[in-house]
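S.K.: Got a structure for you, run_37.pdb, holding PDB, C-alpha atoms and all ligand atoms.
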```pdb
ATOM      1  CA  MET A1464     -78.913  27.544  21.413
ATOM      2  CA  THR A1465     -79.517  31.106  22.411
ATOM      3  CA  ALA A1466     -77.693  34.246  21.353
ATOM      4  CA  THR A1467     -75.663  35.813  24.125
ATOM      5  CA  ALA A1468     -74.634  39.445  24.285
ATOM      6  CA  GLU A1469     -71.050  39.944  23.184
ATOM      7  CA  PRO A1470     -68.858  42.446  25.057
ATOM      8  CA  PRO A1471     -68.223  45.741  23.250
ATOM      9  CA  VAL A1472     -64.974  45.812  21.314
ATOM     10  CA  ASP A1473     -63.243  48.233  23.686
ATOM     11  CA  THR A1474     -63.369  45.525  26.341
ATOM     12  CA  VAL A1475     -62.057  42.770  24.077
ATOM     13  CA  ARG A1476     -60.029  40.309  26.087
ATOM     14  CA  TRP A1477     -57.919  38.126  23.852
ATOM     15  CA  HIS A1478     -57.502  34.431  24.502
ATOM     16  CA  VAL A1479     -54.322  32.559  23.654
ATOM     17  CA  ASN A1480     -55.359  29.202  22.203
ATOM     18  CA  ARG A1481     -53.844  25.970  23.468
ATOM     19  CA  ASN A1482     -51.487  25.647  20.493
ATOM     20  CA  TYR A1483     -49.896  28.987  21.556
ATOM     21  CA  ARG A1484     -50.066  30.087  17.901
ATOM     22  CA  HIS A1485     -53.553  31.531  17.655
ATOM     23  CA  ILE A1486     -55.129  34.384  19.593
ATOM     24  CA  THR A1487     -58.914  34.796  19.582
ATOM     25  CA  ARG A1488     -61.523  37.183  21.013
ATOM     26  CA  HIS A1489     -63.639  34.224  22.036
ATOM     27  CA  PRO A1490     -62.327  31.399  24.234
ATOM     28  CA  GLU A1491     -61.355  28.087  22.692
ATOM     29  CA  PRO A1492     -63.820  25.261  23.515
ATOM     30  CA  ALA A1493     -62.576  22.969  26.270
ATOM     31  CA  GLN A1494     -62.464  20.043  23.851
ATOM     32  CA  TRP A1495     -62.811  19.880  20.074
ATOM     33  CA  THR A1496     -61.707  17.780  17.136
ATOM     34  CA  ASP A1497     -62.711  19.874  14.124
ATOM     35  CA  LYS A1498     -64.345  23.269  13.626
ATOM     36  CA  TRP A1499     -67.349  21.953  11.713
ATOM     37  CA  SER A1500     -68.345  19.741  14.655
ATOM     38  CA  VAL A1501     -67.923  22.688  17.020
ATOM     39  CA  GLU A1502     -70.229  24.800  14.848
ATOM     40  CA  GLY A1503     -72.866  22.097  14.398
ATOM     41  CA  PHE A1504     -74.382  23.785  11.353
ATOM     42  CA  THR A1505     -76.498  22.146   8.712
ATOM     43  CA  GLU A1506     -74.893  22.159   5.277
ATOM     44  CA  ALA A1507     -77.238  24.969   4.185
ATOM     45  CA  GLU A1508     -76.419  27.102   7.247
ATOM     46  CA  LYS A1509     -72.680  26.618   6.752
ATOM     47  CA  LEU A1510     -72.973  27.507   3.064
ATOM     48  CA  HIS A1511     -74.754  30.748   3.937
ATOM     49  CA  GLY A1512     -72.157  31.632   6.568
ATOM     50  CA  THR A1513     -69.374  31.043   4.046
ATOM     51  CA  ALA A1514     -71.259  33.189   1.519
ATOM     52  CA  ILE A1515     -71.559  36.033   4.035
ATOM     53  CA  HIS A1516     -67.816  35.788   4.808
ATOM     54  CA  GLU A1517     -66.786  35.925   1.139
ATOM     55  CA  ALA A1518     -69.388  38.529   0.168
ATOM     56  CA  ALA A1519     -68.043  40.828   2.899
ATOM     57  CA  HIS A1520     -64.464  40.472   1.624
ATOM     58  CA  THR A1521     -65.706  41.072  -1.913
ATOM     59  CA  VAL A1522     -67.718  44.221  -1.215
ATOM     60  CA  LEU A1523     -65.201  45.897   1.106
ATOM     61  CA  LEU A1524     -62.185  45.042  -1.060
ATOM     62  CA  ALA A1525     -63.868  46.203  -4.281
ATOM     63  CA  THR A1526     -65.069  49.458  -2.707
ATOM     64  CA  ALA A1527     -61.504  50.001  -1.402
ATOM     65  CA  GLY A1528     -60.295  49.806  -5.008
ATOM     66  CA  VAL A1529     -59.172  46.169  -5.244
ATOM     67  CA  PRO A1530     -60.273  44.450  -8.500
ATOM     68  CA  VAL A1531     -62.284  41.338  -7.552
ATOM     69  CA  HIS A1532     -62.410  39.058 -10.590
ATOM     70  CA  SER A1533     -64.616  36.419  -9.002
ATOM     71  CA  VAL A1534     -65.932  34.969  -5.763
ATOM     72  CA  THR A1535     -66.585  31.271  -5.207
ATOM     73  CA  ILE A1536     -68.007  29.172  -2.351
ATOM     74  CA  ARG A1537     -68.214  25.425  -1.821
ATOM     75  CA  ALA A1538     -70.532  23.347   0.337
ATOM     76  CA  MET A1539     -68.960  21.418   3.241
ATOM     77  CA  SER A1540     -69.108  18.122   1.321
ATOM     78  CA  GLU A1541     -67.364  19.727  -1.649
ATOM     79  CA  ALA A1542     -64.702  21.479   0.424
ATOM     80  CA  VAL A1543     -63.250  18.490   2.287
ATOM     81  CA  GLY A1544     -59.494  18.322   1.807
ATOM     82  CA  ARG A1545     -59.324  21.775   0.245
ATOM     83  CA  LEU A1546     -57.666  24.777   1.800
ATOM     84  CA  ALA A1547     -60.776  26.911   1.952
ATOM     85  CA  SER A1548     -64.509  26.663   1.450
ATOM     86  CA  GLY A1549     -64.587  30.058  -0.237
ATOM     87  CA  GLU A1550     -62.279  32.413  -2.061
ATOM     88  CA  THR A1551     -62.110  35.782  -3.741
ATOM     89  CA  LEU A1552     -59.865  36.064  -6.795
ATOM     90  CA  ARG A1553     -58.124  39.452  -6.752
ATOM     91  CA  GLY A1554     -56.172  41.342  -9.367
ATOM     92  CA  PRO A1555     -53.176  43.636  -8.772
ATOM     93  CA  PHE A1556     -53.974  46.682  -6.640
ATOM     94  CA  ASN A1557     -52.513  49.794  -5.125
ATOM     95  CA  VAL A1558     -54.839  50.967  -2.368
ATOM     96  CA  VAL A1559     -54.745  52.597   1.071
ATOM     97  CA  LEU A1560     -53.320  49.986   3.453
ATOM     98  CA  GLN A1561     -55.947  50.455   6.130
ATOM     99  CA  ASP A1562     -58.791  50.001   3.613
ATOM    100  CA  LEU A1563     -57.139  46.797   2.429
ATOM    101  CA  LEU A1564     -56.811  45.510   6.000
ATOM    102  CA  VAL A1565     -60.465  46.287   6.736
ATOM    103  CA  GLY A1566     -61.413  44.284   3.610
ATOM    104  CA  LEU A1567     -59.378  41.353   4.901
ATOM    105  CA  CYS A1568     -60.962  41.585   8.387
ATOM    106  CA  ALA A1569     -64.440  41.752   6.859
ATOM    107  CA  GLY A1570     -64.997  38.001   6.492
ATOM    108  CA  GLU A1571     -64.767  37.043  10.148
ATOM    109  CA  ARG A1572     -66.586  40.128  11.439
ATOM    110  CA  ALA A1573     -69.413  39.605   8.911
ATOM    111  CA  GLU A1574     -69.805  35.986  10.014
ATOM    112  CA  ASP A1575     -70.054  37.096  13.631
ATOM    113  CA  ARG A1576     -72.658  39.733  12.718
ATOM    114  CA  TRP A1577     -74.673  37.246  10.684
ATOM    115  CA  LEU A1578     -74.672  34.762  13.586
ATOM    116  CA  HIS A1579     -76.132  37.459  15.857
ATOM    117  CA  GLU A1580     -78.654  38.573  13.243
ATOM    118  CA  THR A1581     -79.954  35.042  12.671
ATOM    119  CA  GLY A1582     -80.065  34.134  16.381
ATOM    120  CA  MET A1583     -77.427  31.424  15.803
ATOM    121  CA  TRP A1584     -74.592  33.101  17.720
ATOM    122  CA  ASN A1585     -72.841  31.301  20.551
ATOM    123  CA  LEU A1586     -69.304  31.447  21.929
ATOM    124  CA  ASP A1587     -68.106  28.304  20.170
ATOM    125  CA  ARG A1588     -69.384  29.402  16.768
ATOM    126  CA  ALA A1589     -67.874  32.861  17.215
ATOM    127  CA  TRP A1590     -64.546  31.230  18.075
ATOM    128  CA  ALA A1591     -64.770  28.909  15.046
ATOM    129  CA  ALA A1592     -65.410  31.910  12.762
ATOM    130  CA  GLU A1593     -62.190  33.448  14.075
ATOM    131  CA  ARG A1594     -60.146  30.279  13.649
ATOM    132  CA  SER A1595     -61.492  29.970  10.089
ATOM    133  CA  ALA A1596     -60.019  33.424   9.394
ATOM    134  CA  ILE A1597     -56.447  32.485  10.343
ATOM    135  CA  ASN A1598     -55.281  32.840   6.737
ATOM    136  CA  ASP A1599     -56.904  36.285   6.524
ATOM    137  CA  ARG A1600     -55.108  37.366   9.690
ATOM    138  CA  GLN A1601     -51.823  36.013   8.361
ATOM    139  CA  GLU A1602     -52.330  38.065   5.202
ATOM    140  CA  ILE A1603     -53.090  41.168   7.312
ATOM    141  CA  ASP A1604     -49.864  40.638   9.237
ATOM    142  CA  ASN A1605     -47.914  40.126   5.990
ATOM    143  CA  PHE A1606     -49.221  43.346   4.400
ATOM    144  CA  THR A1607     -48.686  45.295   7.618
ATOM    145  CA  TYR A1608     -45.135  44.073   7.989
ATOM    146  CA  GLN A1609     -44.224  44.580   4.311
ATOM    147  CA  THR A1610     -45.452  48.155   4.395
ATOM    148  CA  THR A1611     -44.474  49.376   7.845
ATOM    149  CA  SER A1612     -42.125  46.740   9.369
ATOM    150  CA  LEU A1613     -44.705  46.393  12.157
ATOM    151  CA  HIS A1614     -46.479  43.178  13.058
ATOM    152  CA  LEU A1615     -50.178  42.888  13.826
ATOM    153  CA  THR A1616     -50.856  43.358  17.550
ATOM    154  CA  TYR A1617     -53.736  42.316  19.824
ATOM    155  CA  ARG A1618     -54.818  45.312  21.920
ATOM    156  CA  SER A1619     -51.289  46.030  22.952
ATOM    157  CA  SER A1620     -50.334  48.867  20.619
ATOM    158  CA  GLY A1621     -53.547  50.955  20.576
ATOM    159  CA  THR A1622     -52.768  51.855  16.977
ATOM    160  CA  TRP A1623     -54.349  51.101  13.607
ATOM    161  CA  HIS A1624     -52.356  47.863  13.114
ATOM    162  CA  ASP A1625     -53.913  46.413  16.254
ATOM    163  CA  LEU A1626     -56.526  43.773  15.439
ATOM    164  CA  ALA A1627     -59.134  45.045  17.926
ATOM    165  CA  THR A1628     -58.818  48.515  16.382
ATOM    166  CA  LEU A1629     -59.058  47.096  12.865
ATOM    167  CA  HIS A1630     -62.180  45.201  13.928
ATOM    168  CA  GLU A1631     -63.756  48.460  15.116
ATOM    169  CA  HIS A1632     -63.122  50.046  11.697
ATOM    170  CA  THR A1633     -64.391  46.918   9.983
ATOM    171  CA  ASP A1634     -67.622  46.858  11.990
ATOM    172  CA  ARG A1635     -68.349  50.455  10.936
ATOM    173  CA  ALA A1636     -67.684  49.608   7.273
ATOM    174  CA  LEU A1637     -70.036  46.618   7.592
ATOM    175  CA  ASP A1638     -72.731  48.967   8.977
ATOM    176  CA  THR A1639     -72.485  50.959   5.742
ATOM    177  CA  HIS A1640     -72.443  48.022   3.321
ATOM    178  CA  TRP A1641     -74.467  45.353   5.125
ATOM    179  CA  ALA A1642     -77.478  45.306   2.753
ATOM    180  CA  ARG A1643     -75.155  44.915  -0.260
ATOM    181  CA  ILE A1644     -73.247  42.100   1.455
ATOM    182  CA  ARG A1645     -76.435  40.242   2.340
ATOM    183  CA  ASP A1646     -77.773  40.528  -1.217
ATOM    184  CA  LEU A1647     -74.479  39.303  -2.660
ATOM    185  CA  ALA A1648     -74.415  36.379  -0.208
ATOM    186  CA  VAL A1649     -77.931  35.272  -1.224
ATOM    187  CA  ALA A1650     -76.891  35.315  -4.896
ATOM    188  CA  LEU A1651     -73.693  33.455  -4.042
ATOM    189  CA  VAL A1652     -75.546  30.672  -2.223
ATOM    190  CA  GLU A1653     -77.630  30.242  -5.374
ATOM    191  CA  ALA A1654     -74.852  30.458  -7.999
ATOM    192  CA  ARG A1655     -71.742  29.373  -5.976
ATOM    193  CA  HIS A1656     -69.604  31.477  -8.337
ATOM    194  CA  LEU A1657     -69.986  35.105  -9.464
ATOM    195  CA  ASN A1658     -67.814  37.008 -11.930
ATOM    196  CA  ALA A1659     -66.678  40.635 -11.724
ATOM    197  CA  ARG A1660     -69.703  42.085 -13.557
ATOM    198  CA  GLN A1661     -72.209  40.040 -11.543
ATOM    199  CA  ILE A1662     -70.528  41.201  -8.314
ATOM    200  CA  ALA A1663     -70.847  44.852  -9.367
ATOM    201  CA  ASP A1664     -74.480  44.508 -10.505
ATOM    202  CA  ILE A1665     -75.787  42.468  -7.561
ATOM    203  CA  ALA A1666     -73.953  44.449  -4.850
ATOM    204  CA  ARG A1667     -74.572  47.791  -6.604
ATOM    205  CA  ILE A1668     -70.922  48.790  -6.292
ATOM    206  CA  HIS A1669     -68.101  49.803  -8.593
ATOM    207  CA  ASN A1670     -65.775  46.830  -9.010
ATOM    208  CA  PRO A1671     -62.424  47.887 -10.528
ATOM    209  CA  ALA A1672     -62.187  44.434 -12.167
ATOM    210  CA  THR A1673     -64.886  45.527 -14.651
ATOM    211  CA  GLU A1674     -62.846  48.477 -15.935
ATOM    212  CA  GLY A1675     -61.983  48.091 -19.588
ATOM    213  CA  ALA A1676     -64.426  45.186 -19.940
ATOM    214  CA  ALA A1677     -67.033  45.413 -22.684
TER     215      ALA A1677
HETATM  216 ZN    ZN A1701     -61.637  35.240   4.700
END
```
When written as structure tokens, how does the structure in this file appear?
Ligand SMILES: [Zn+2]
M.R.:
Amino acid sequence: MTATAEPPVDTVRWHVNRNYRHITRHPEPAQWTDKWSVEGFTEAEKLHGTAIHEAAHTVLLATAGVPVHSVTIRAMSEAVGRLASGETLRGPFNVVLQDLLVGLCAGERAEDRWLHETGMWNLDRAWAAERSAINDRQEIDNFTYQTTSLHLTYRSSGTWHDLATLHEHTDRALDTHWARIRDLAVALVEARHLNARQIADIARIHNPATEGAA
């Protein structure tokens, strides 16, 4: 499989998936049964991709001011039947909405970046990374609606609560923090679970979850 150039974000053309519920930047494969088969990763590759996704959430949420108490990933064989193969455990927060939304977008955009960087990118994998972030997008829509009574849009509003615009902001934040995210992902693949202090030390960031801790 060869990496193909992806169009710049200002030309993002969204694709309505066949279930009419999901909208993706990358087209849905003509036929598929489950996302893992579409991706065709080895267990080790999938574990690293999951680690990159969760490490990106962790670093961008913590630097936005969200306490991240822990981050956990599971291998494919361990994750069967569970809701997610990775998760960040967050404490209560009061942060700038846009920073929060960028932190929630970070997982899928980091996966896409990592696929390019490792030469493993293709359309189907990029699509699968988006469909794996459906819960993140739902959370983005929930926070947006709670705060502003506006729903997330897909290049129809031209404003900050548009997903293409949020992705642009997220990609710039990933530029800034990419080395920290990669280091955290490597440690996460090794340990599978990191606590608040380990997150702060390995990623070289301030994690609000360590405040008041000994
Ligand atoms: Zn996520």
S.K.: Any chance you could resolve the PyMOL selection byres (((chain A and resi 1515) around 7) and not hetatm) against this file and give the residues as a ChimeraX atom specification?
M.R.: /A:1511-1514,1516-1519,1573-1574,1644-1645,1648
S.K.: To one decimal in Å, tell me the separation between CA of Asp1599 in chain A and CA of Glu1631 in chain A.
M.R.: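 Going from CA of Asp1599 in chain A over to CA of Glu1631 in chain A covers 16.4 Å.
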S.K.: Which residue gives the smallest distance to Glu1653 in chain A among A:Gln1561, A:Thr1551, A:Thr1535, A:Thr1639, with all atoms listed in the file counted?
M.R.: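 Smallest distance to Glu1653 in chain A is found for A:Thr1535.
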S.K.: Find the nearest atom pair between each residue of chain A and ligand ZN 1701 (chain A) for residues within 8 Å, count only C-alpha atoms and all ligand atoms, give distances in Å to one decimal, sort rows by chain and ascending number, and present the table as a Markdown table.
M.R.:
```
| residue | atom | partner | partner_atom | distance |
| --- | --- | --- | --- | --- |
| A:His1516 | CA | A:ZN1701 | ZN | 6.2 |
| A:Glu1517 | CA | A:ZN1701 | ZN | 6.3 |
| A:His1520 | CA | A:ZN1701 | ZN | 6.7 |
| A:Gly1549 | CA | A:ZN1701 | ZN | 7.7 |
| A:Glu1550 | CA | A:ZN1701 | ZN | 7.4 |
| A:Leu1567 | CA | A:ZN1701 | ZN | 6.5 |
| A:Cys1568 | CA | A:ZN1701 | ZN | 7.4 |
| A:Ala1569 | CA | A:ZN1701 | ZN | 7.4 |
| A:Gly1570 | CA | A:ZN1701 | ZN | 4.7 |
| A:Glu1571 | CA | A:ZN1701 | ZN | 6.5 |
| A:Ser1595 | CA | A:ZN1701 | ZN | 7.5 |
| A:Ala1596 | CA | A:ZN1701 | ZN | 5.3 |
| A:Asn1598 | CA | A:ZN1701 | ZN | 7.1 |
| A:Asp1599 | CA | A:ZN1701 | ZN | 5.2 |
```
S.K.: Restricting the calculation to all atoms listed in the file, which member of A:Glu1506, A:His1640, A:Arg1594, A:Asp1625 is positioned closest to Asn1482 in chain A?
M.R.: A:Arg1594
S.K.: Box time for range 1615-1629 of chain A: axis-aligned, enclosing all its listed atoms, 3 Å extra on each side; report centre and edge lengths in Å to one decimal, as JSON.
M.R.:
```
{"center_x": -54.7, "center_y": 47.1, "center_z": 17.9, "size_x": 15.0, "size_y": 15.5, "size_z": 16.1}
```
S.K.: Using all atoms listed in the file, find the one residue out of A:Asn1480, A:Thr1496, A:Thr1633, A:Thr1673 that sits nearest to Arg1572 in chain A.
M.R.: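 Closest to Arg1572 in chain A, using all atoms listed in the file: A:Thr1633.
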